[in-house]
Structure formats: structure tokens, C-alpha cells
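What follows is a set of notes on a single structure, which appears directly below.
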Amino acid sequence: MEYVTLNNGVEMPLEGFGVFQVPDPAQCEQAVLDAVASGYRLIDTAAAYMNEAAVGAAIKKCGVPREELFITTKLWVQDADYESAKKAVQTSLDKLGLDYLDLYLIHQPMGDYIGAYRAMEEAYKEGTLRAIGVCNFYPARLADLCETVEVKPAVDQVELHPFFQQENALALMKEYGVHPEAWGSFAEGNHGIFTHPVLTKIGEKYGKSAAQVALRWNVQRGVTVIPKSVHKERMEQNMNIWDFKLSDEDMAEIAKLDLGHSEIVNHDDPGFAKMLHSLKIHS
């Protein structure tokens with residue numbers, strides 16, 4: 001496992017385990033236990049995933065010292081204001097059974113997220129949050145935030161995979177010292193990514209799968225990946241990307257796969273914004 005040093009000196013793994021779409025408590029708890037046993041130390045959850053308590057139960061049982069784990073959770077849209085964010089941080093801590101978080105992210109650039117970020121800055125200065133950041137802040141929104149706040153976000157978690165590479169977003173993050181983290185590393189299974197001929201052919205040179213190539217490609221770009229699986233064998237395969245390196249030619253071939261847009265979600269769609277505001281996550 002390799003680590004990256006964030007803009008505030010905190011070390012973060014370049015690969016972690018995500019629990020999006022694992023709402024069943026027993027299944028989520030077992031998945032996190034299996035992930036930690038497989039070597040994962042970064043666990044990524046969110047209030048909106050409705051599984052923080054299950055993640056917390058696994059953290060308590062896993063046998064790995066708390067200081068060796070890197071726990072991330074996220075603020076949902078309904079809590080995007082100063083007072084609500086203060087309460088939401090504590091709610092997440094209580095559900096996870098923790099007294100601090102390694103990374104806390106604004107899940108969507110909606111509502112009074114500047115007010116929410118102010119509350120996060122306070123919790124950061126108090127030591128409750130070791131690092132703070134955002135998700136889905138595309139270049140103009142990220143630039144505005146960075147120019148507005150006191151504590152620059154440490155991380156921006158956005159959709160990043162071979163079919164939506166976002167080089168412009170990565171360039172802006174680098175300019176502001178913000179570390180990129182990928183959601184949807186496997187494009188949510190679209191484009192036949194697990195059997196894609198380009199990724200498969202590259203993988204054959206190294207004895208790796210198309211999925212392993214997709215993950216390796218992102219981490220070589222300096223992007224943290226958080227693939228999800230509920231199958232321990234798949235978790236182990238996803239972790240097995242640290243014993244090979246893609247060549248410049250490989251990276252150039254994968255660069256040609258970029259479509260230049262998402263086919264998963266359109267963050268500029270007003271209907272999408274309305275839908276997110278309508279999703280009420282119970283604290």
C-alpha cells in the first residue's frame with residue numbers, strides 16, 4: 001500500500017474500501033471486517049449510505065488499532081448549513097462510535113455548503129476532524145470554494161475512471177493542493193469495463209485483470225481509489241495492484257478511452273439537484 005500526504009500533513013492511503021450501496025447492516029459489517037482483514041485501512045462511508053453504525057461495529061471488532069485506520073464519512077445535503085453541519089458531525093461520530101474522523105467531506109455542492117464548511121473548519125481546528133474536504137465539486141465550484149474558505153479542502157472526491165478522466169479537474173486540484181479521490185473507479189460497471197478489450201490486453205502483459213488495470217491507472221495518476229465489493233476474493237484482487245506499474249504507452253492507450261463526460265450522472269441537470277434535495281436522510 002502506498003500513501004499520499006495531504007495538504008495539511010495527514011497521510012492517506014491511495015487505496016481504500018467504499019461501502020456505497022451496502023445498506024444491510026450485517027452484510028456491511030462483514031464486508032468491512034473482510035476488507036480490513038484483506039489489508040484495507042481506509043474505509044469510506046457517508047450519512048447518505050445509511051450504514052455508519054455497521055461500519056462502526058466493524059471498526060470496533062476488527063482488531064486493528066484506531067490510529068492505523070483512516071475513516072471517512074460525508075455530510076448530506078439536508079445538513080448543509082452551519083448549525084446542521086455541527087450536529088451532523090457529532091451524529092456521524094456517535095453512529096461510528098468514534099471520537100474523531102480522519103476525513104469529513106461535503107457530499108454535494110448544494111445548500112449552504114459554505115456555512116457547513118465553516119462548521120467543519122471549526123471541528124478541524126478542534127481536532128475532531130483530521131482533514132476536511134468535498135465531493136463532486138467540479139472546477140468552477142472548487143475554485144470558488146478555495147478562494148472563499150480559510151482551510152483549503154484536503155480532498156475532492158469526484159467521478160474518475162478511464163471513460164471520464166477529468167484531466168482539467170485534476171489540474172485545478174493540483175493548483176490548489178487538493179488531493180483527488182475517485183468514486184466510480186469501475187464506471188459502475190458500464191462500458192464493459194471488466195472485459196474491455198484495451199484494459200484486458202494491457203492486463204495480460206502483467207497477469208492482471210481489466211479491473212486491476214483500471215485501479216492501477218488511477219493510482220498512477222495520484223488518485224485515491226475506493227472500490228467496493230462484498231466478496232472477499234474480489235476485495236483481495238482489488239488490493240493486488242501494488243506489484244506492477246503501467247508503462248507510458250499503457251497510460252497513453254487508456255487516455256484514448258476518455259469520453260469527456262459522465263454517463264452516470266449529470267451534475268448540471270436541475271432535476272438531479274431537485275432529486276438530491278428531496279432525499280431525506282434520517283439522522
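All residue names refer to the C-alpha cells as shown: chains lettered A, B, ... in order, residues numbered from 1 in each chain, ligands numbered from 1 in order.
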
If we count only C-alpha atoms and set the cut-off at 9 Å, which residues sit around Asp79 (chain A), ignoring sequence neighbours fewer than 3 positions away in its own chain? Please answer as a ChimeraX atom specification. /A:75-76,82-88,111-113,116

Please save C-alpha atoms of the selected residues as a compact mmCIF listing (two decimals), in the first residue's frame.
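Contents of out_8.txt, as written:
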# COMPACT_ATOMS: atom_id res chain seq x y z
CA LEU A 75 -22.30 15.48 5.14
CA TRP A 76 -25.63 15.12 3.33
CA TYR A 82 -23.59 25.88 9.77
CA GLU A 83 -25.72 24.66 12.68
CA SER A 84 -26.91 21.47 10.98
CA ALA A 85 -23.37 20.55 9.97
CA LYS A 86 -22.15 20.86 13.56
CA LYS A 87 -24.85 18.42 14.65
CA ALA A 88 -24.26 16.12 11.67
CA GLY A 111 -27.49 24.11 0.05
CA ASP A 112 -25.48 26.43 2.27
CA TYR A 113 -22.31 24.43 1.86
CA ALA A 116 -21.41 23.93 6.54

Pro109 (chain A) surroundings by only C-alpha atoms, 10 Å radius, close-in-sequence under 3 positions cut, as a list in words: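 Listed by chain and then number, they are Trp76, Val77, Ala80, Ile106, Asp112, Tyr113, Ile114, Val134, Cys135, Asn136, Phe137, Tyr138, Arg141, Leu142, Leu145, His267 and Ala273 of chain A.
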
DSSP says helix (DSSP H, G or I) for which residues of region 13-91 of chain A? Put them as a ChimeraX atom specification? /A:25-37,47-49,52-61,66-68,77-79,82-91

Proximity to Phe163 (chain A) - best of A:Cys28, A:Met12, A:Ile254, A:Ile59, only C-alpha atoms: A:Ile254

May I have all residues of region 131-216 of chain A that DSSP, computed from the backbone, assigns to strand (DSSP E or B), given as a ChimeraX atom specification? /A:132-135,155-159,161,164,179-183

Suppose we keep N, CA and C atoms; can you now write the selection as a short mmCIF file (atom, residue, chain, number, x, y, z; two decimals), in the first residue's frame?
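Below you can see selection20.cif, which holds the result:
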data_model
loop_
_atom_site.label_atom_id
_atom_site.label_comp_id
_atom_site.auth_asym_id
_atom_site.auth_seq_id
_atom_site.Cartn_x
_atom_site.Cartn_y
_atom_site.Cartn_z
N ILE A 132 -10.50 17.89 6.17
CA ILE A 132 -11.83 18.19 5.64
C ILE A 132 -11.74 18.39 4.13
N GLY A 133 -12.87 18.16 3.46
CA GLY A 133 -12.86 18.30 2.02
C GLY A 133 -14.26 18.23 1.45
N VAL A 134 -14.34 17.90 0.18
CA VAL A 134 -15.60 17.94 -0.55
C VAL A 134 -15.72 16.78 -1.53
N CYS A 135 -16.92 16.60 -2.05
CA CYS A 135 -17.18 15.64 -3.11
C CYS A 135 -17.94 16.35 -4.22
N VAL A 155 -9.24 17.18 0.14
CA VAL A 155 -9.64 16.15 -0.83
C VAL A 155 -10.87 16.63 -1.59
N ASP A 156 -10.94 16.27 -2.88
CA ASP A 156 -12.17 16.41 -3.66
C ASP A 156 -12.45 15.04 -4.27
N GLN A 157 -13.53 14.41 -3.84
CA GLN A 157 -13.89 13.08 -4.34
C GLN A 157 -14.88 13.24 -5.50
N VAL A 158 -14.46 12.86 -6.69
CA VAL A 158 -15.28 13.02 -7.89
C VAL A 158 -15.23 11.73 -8.71
N GLU A 159 -16.11 11.65 -9.69
CA GLU A 159 -16.14 10.50 -10.59
C GLU A 159 -14.87 10.49 -11.45
N HIS A 161 -12.63 7.59 -13.81
CA HIS A 161 -12.38 6.25 -14.33
C HIS A 161 -11.93 6.42 -15.78
N PHE A 164 -14.11 8.61 -18.01
CA PHE A 164 -14.33 10.01 -17.60
C PHE A 164 -13.13 10.40 -16.75
N HIS A 179 -6.20 16.97 -2.98
CA HIS A 179 -5.93 15.59 -3.44
C HIS A 179 -7.19 14.99 -4.07
N PRO A 180 -7.06 14.41 -5.28
CA PRO A 180 -8.21 13.78 -5.92
C PRO A 180 -8.47 12.37 -5.41
N GLU A 181 -9.74 12.09 -5.21
CA GLU A 181 -10.19 10.75 -4.81
C GLU A 181 -11.31 10.33 -5.76
N ALA A 182 -11.28 9.10 -6.21
CA ALA A 182 -12.24 8.64 -7.21
C ALA A 182 -13.42 7.93 -6.59
N TRP A 183 -14.62 8.35 -7.00
CA TRP A 183 -15.74 7.44 -6.84
C TRP A 183 -16.04 6.88 -8.24
#
